[in-house]
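To start, the structure under review is shown below, and the notes come after it.
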2 protein chains.
Amino acid sequence: MDLEKIISNVKNNREQIDFNISVDCVLFTVQDNKLKVLLTKLLPGNEWVLPGGFIFRSENVETAAIRVLKQRTGLDQIFLQQFNTFSDPNRFLFRSLIKDLGLETIDIVQLPERVISIGFFALVNYELITLTGGEFEEDTCWAEVTKLPKLMFDHQIIIIEAMESLRKELYFKPIAYNLLPEKFTMPELQKLYEIILDKKMERSSFQKKMLKWDIYERLNERKTGGAHKQPFLYRFDTMKYKVAIEKDIKFGM
Amino acid sequence: MDLEKIISNVKNNREQIDFNISVDCVLFTVQDNKLKVLLTKLLPGNEWVLPGGFIFRSENVETAAIRVLKQRTGLDQIFLQQFNTFSDPNRFLFRSLIKDLGLETIDIVQLPERVISIGFFALVNYELITLTGGEFEEDTCWAEVTKLPKLMFDHQIIIIEAMESLRKELYFKPIAYNLLPEKFTMPELQKLYEIILDKKMERSSFQKKMLKWDIYERLNERKTGGAHKQPFLYRFDTMKYKVAIEKDIKFGM
């Protein structure tokens, strides 16, 4: 990461950006049977932060959030859900941060003190992502949500609230299947729900619920290779899902 | 409403407020069996708007939203739920508005062009509210959500999204009972749900669901006065509700 680059970025964008409002993105995935979140680090030795950035005056906040994530993951087809705004008057003191980073060459008088940040989350398949450091070549990592490193600002609170929102969202959209290959088994789907919701579920009642929604098509194929009984494969059915949404079906566990 | 007051307000608050970010509040109630929303009007002849305002640098956005509503309703114990942020680059052009209002005496160069607004909603009992025009003595009214007058900016979109969020929120919190007297009947509760969700429900399955959640206590009293069979009275049970929340019960219809 290049200090000079940050300085020139802030200076060059004075006229295009309001520095008192930003976006922060909580990108969830499931990797090694753990719920994880994408973190980045501005400078070696700094604490970790969520991928985030400022909003150009010519773009809306959703566009800004997609841009921020695209820079770091390559993803441009991503369904980001806005969930809350973080605005404690002491959450992110921009002028102090500039000083801490040793960037006094920026004229800080014109910068705001408090930055309000708008939080977004998404649940993605990490296999579809190539992590890059974005514009400022930051370090990036997938961190387990139960073993977060020390984070800057209020980013731990943002992650906790994003997790609650992700779990709520599962009632309205069966987004978990996005993390599985096109064909998957009920035990695989159940495992994902258990990881995301952080609770164990009873196998037969899980299966009963999933099938009641009538959005998964059972294929005439079984998963091969396992030591146990070979379970049937399923596929998410977009047409049936549309019908379920029209019927106002909820996907509560 | 006093034009001079607006001018001096903007001028006096230059140092305390960032004028590029605001809050807008969608306050719902049920009155005459209709879902309604609180609207205000800045100037006679103007279009209606949602009650909203700017955020002091010393307060967070929730405090700002509560302040804005308290000024107009007297309520200070109000559970406001943040639901989305509105940021289309053309949604609210502050400099243009100042010109339209004939307020050229404000030095508009220092004002932002686009204002980003954070949306909040709440569902309240209108009987607990005394409508006042707030700081600028605005006109106020309860408008039916299905018969909204022409609104300024993107406020119609904000109301539609708030309604969707209100309906989602009902799955997680049984907030409708707040609009009823302490003791109420199942038909009264059902009517409220039907109005808020905008759908008819079957009486016995509604009652079955409500009782399954085990958060309403049936009293040894019946409603008197009606022409029909006198239905039992119920009361919301805070202790039982806590138990239900701990059990992670959802209140989906």
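Just so we're on the same page: first chain in the structure tokens is A, next is B, and so on; residues restart at 1 for each chain, and ligands are numbered from 1 in the order they show up.
Near chain A, counting only C-alpha atoms at 9 Å, the chain B residues are Asp18, Asn20, Ile21, Arg57, Ser58, Glu59, Asn60, Val61, Glu62, Gln82, Phe83, Asn84, Thr85, Phe86, Ser87, Asp88, Pro89, Asn90, Pro112, Glu113, Arg114, Ile116, Ile118, Lys168, Tyr171, Phe172, Lys250, Gly252 and Met253 of chain B.
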Quiz item: So how far away is CA of Ile175 (chain B) from CA of Lys247 (chain B), in Å?
Solution: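 The value is 17.9 Å.
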Quiz item: What's the 10 Å shell around Gln31 (chain B), counting only C-alpha atoms, without same-chain residues fewer than 4 positions away, as a PyMOL selection string?
Solution: chain B and resi 35-37+125-127+142-144+179
Quiz prompt | strand (DSSP E) call set, DSSP backbone run, region 82-235 of chain A, as a PyMOL selection string | solution = chain A and resi 82-86+116-123+139-144+216-222+232-235
Give me a file of those residues, with N, CA and C atoms, as a compact mmCIF listing (two decimals), in the first residue's frame.
# COMPACT_ATOMS: atom_id res chain seq x y z
N GLN A 82 -28.39 -3.60 1.75
CA GLN A 82 -28.11 -2.56 2.73
C GLN A 82 -28.80 -2.94 4.04
N PHE A 83 -28.12 -2.78 5.17
CA PHE A 83 -28.78 -3.23 6.40
C PHE A 83 -28.80 -2.20 7.51
N ASN A 84 -27.85 -1.31 7.59
CA ASN A 84 -27.89 -0.31 8.66
C ASN A 84 -26.88 0.80 8.35
N THR A 85 -27.00 1.88 9.09
CA THR A 85 -26.08 3.01 8.95
C THR A 85 -25.41 3.24 10.29
N PHE A 86 -24.14 3.53 10.27
CA PHE A 86 -23.37 3.64 11.50
C PHE A 86 -22.86 5.07 11.63
N ILE A 116 -20.03 9.10 8.55
CA ILE A 116 -21.18 8.20 8.67
C ILE A 116 -21.00 7.10 7.64
N SER A 117 -21.19 5.83 8.06
CA SER A 117 -21.00 4.77 7.08
C SER A 117 -22.26 3.93 6.90
N ILE A 118 -22.53 3.58 5.65
CA ILE A 118 -23.70 2.78 5.31
C ILE A 118 -23.23 1.34 5.10
N GLY A 119 -23.84 0.41 5.84
CA GLY A 119 -23.40 -0.99 5.80
C GLY A 119 -24.18 -1.83 4.79
N PHE A 120 -23.45 -2.65 4.05
CA PHE A 120 -24.03 -3.60 3.10
C PHE A 120 -23.50 -4.99 3.43
N PHE A 121 -24.31 -6.01 3.14
CA PHE A 121 -23.76 -7.36 3.25
C PHE A 121 -24.15 -8.18 2.02
N ALA A 122 -23.38 -9.24 1.80
CA ALA A 122 -23.71 -10.22 0.77
C ALA A 122 -23.14 -11.56 1.21
N LEU A 123 -23.71 -12.62 0.68
CA LEU A 123 -23.23 -13.98 0.95
C LEU A 123 -22.77 -14.53 -0.39
N ASP A 139 -3.73 -5.66 2.04
CA ASP A 139 -3.80 -7.08 2.40
C ASP A 139 -5.27 -7.46 2.54
N THR A 140 -5.62 -8.68 2.17
CA THR A 140 -7.01 -9.13 2.38
C THR A 140 -6.99 -10.54 2.96
N CYS A 141 -8.05 -10.89 3.69
CA CYS A 141 -8.17 -12.26 4.19
C CYS A 141 -9.63 -12.59 4.48
N TRP A 142 -9.93 -13.89 4.51
CA TRP A 142 -11.23 -14.36 4.99
C TRP A 142 -11.05 -14.71 6.47
N ALA A 143 -11.78 -14.04 7.34
CA ALA A 143 -11.65 -14.27 8.79
C ALA A 143 -12.90 -14.94 9.33
N GLU A 144 -12.71 -15.92 10.21
CA GLU A 144 -13.87 -16.58 10.85
C GLU A 144 -14.62 -15.56 11.70
N TYR A 216 -36.90 -26.67 -4.66
CA TYR A 216 -35.77 -27.51 -5.05
C TYR A 216 -36.31 -28.71 -5.83
N GLU A 217 -35.67 -29.00 -6.94
CA GLU A 217 -36.10 -30.13 -7.77
C GLU A 217 -35.22 -31.33 -7.46
N ARG A 218 -35.86 -32.47 -7.11
CA ARG A 218 -35.06 -33.67 -6.87
C ARG A 218 -34.72 -34.30 -8.21
N LEU A 219 -33.45 -34.57 -8.44
CA LEU A 219 -33.00 -35.15 -9.70
C LEU A 219 -33.01 -36.67 -9.61
N ASN A 220 -33.00 -37.32 -10.75
CA ASN A 220 -32.89 -38.78 -10.75
C ASN A 220 -31.42 -39.21 -10.68
N GLU A 221 -30.71 -38.57 -9.79
CA GLU A 221 -29.28 -38.87 -9.65
C GLU A 221 -28.97 -38.90 -8.17
N ARG A 222 -27.96 -39.71 -7.84
CA ARG A 222 -27.53 -39.71 -6.45
C ARG A 222 -26.07 -39.28 -6.38
N PHE A 232 -29.84 -38.39 -2.65
CA PHE A 232 -30.29 -37.79 -3.91
C PHE A 232 -29.67 -36.40 -4.10
N LEU A 233 -29.53 -36.04 -5.36
CA LEU A 233 -29.09 -34.68 -5.69
C LEU A 233 -30.30 -33.81 -5.97
N TYR A 234 -30.18 -32.52 -5.62
CA TYR A 234 -31.24 -31.54 -5.85
C TYR A 234 -30.67 -30.37 -6.64
N ARG A 235 -31.61 -29.63 -7.22
CA ARG A 235 -31.21 -28.42 -7.95
C ARG A 235 -32.22 -27.33 -7.60
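Proximity of B:Met186, B:Val145, B:Met201, B:Leu166 to Lys34 (chain B), computed with only C-alpha atoms, is greatest for B:Val145.
The interatomic distance for the pair CA of Tyr177 (chain B) and CA of Ala162 (chain B) works out to 19.0 Å.
Taking CA of Phe54 (chain B) and CA of Glu161 (chain A) as endpoints, the distance between them is 24.7 Å.
With only C-alpha atoms as the atoms that count, the residue of A:Gln230, A:Gln190, A:Asn33, A:Thr40 with the shortest distance to Glu135 (chain A) is A:Thr40.
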Quiz item: For Ile195 (chain A), which of A:Leu80, A:Val30, A:Leu211, A:Ile98 is the closest residue, counting only C-alpha atoms?
Solution: A:Val30
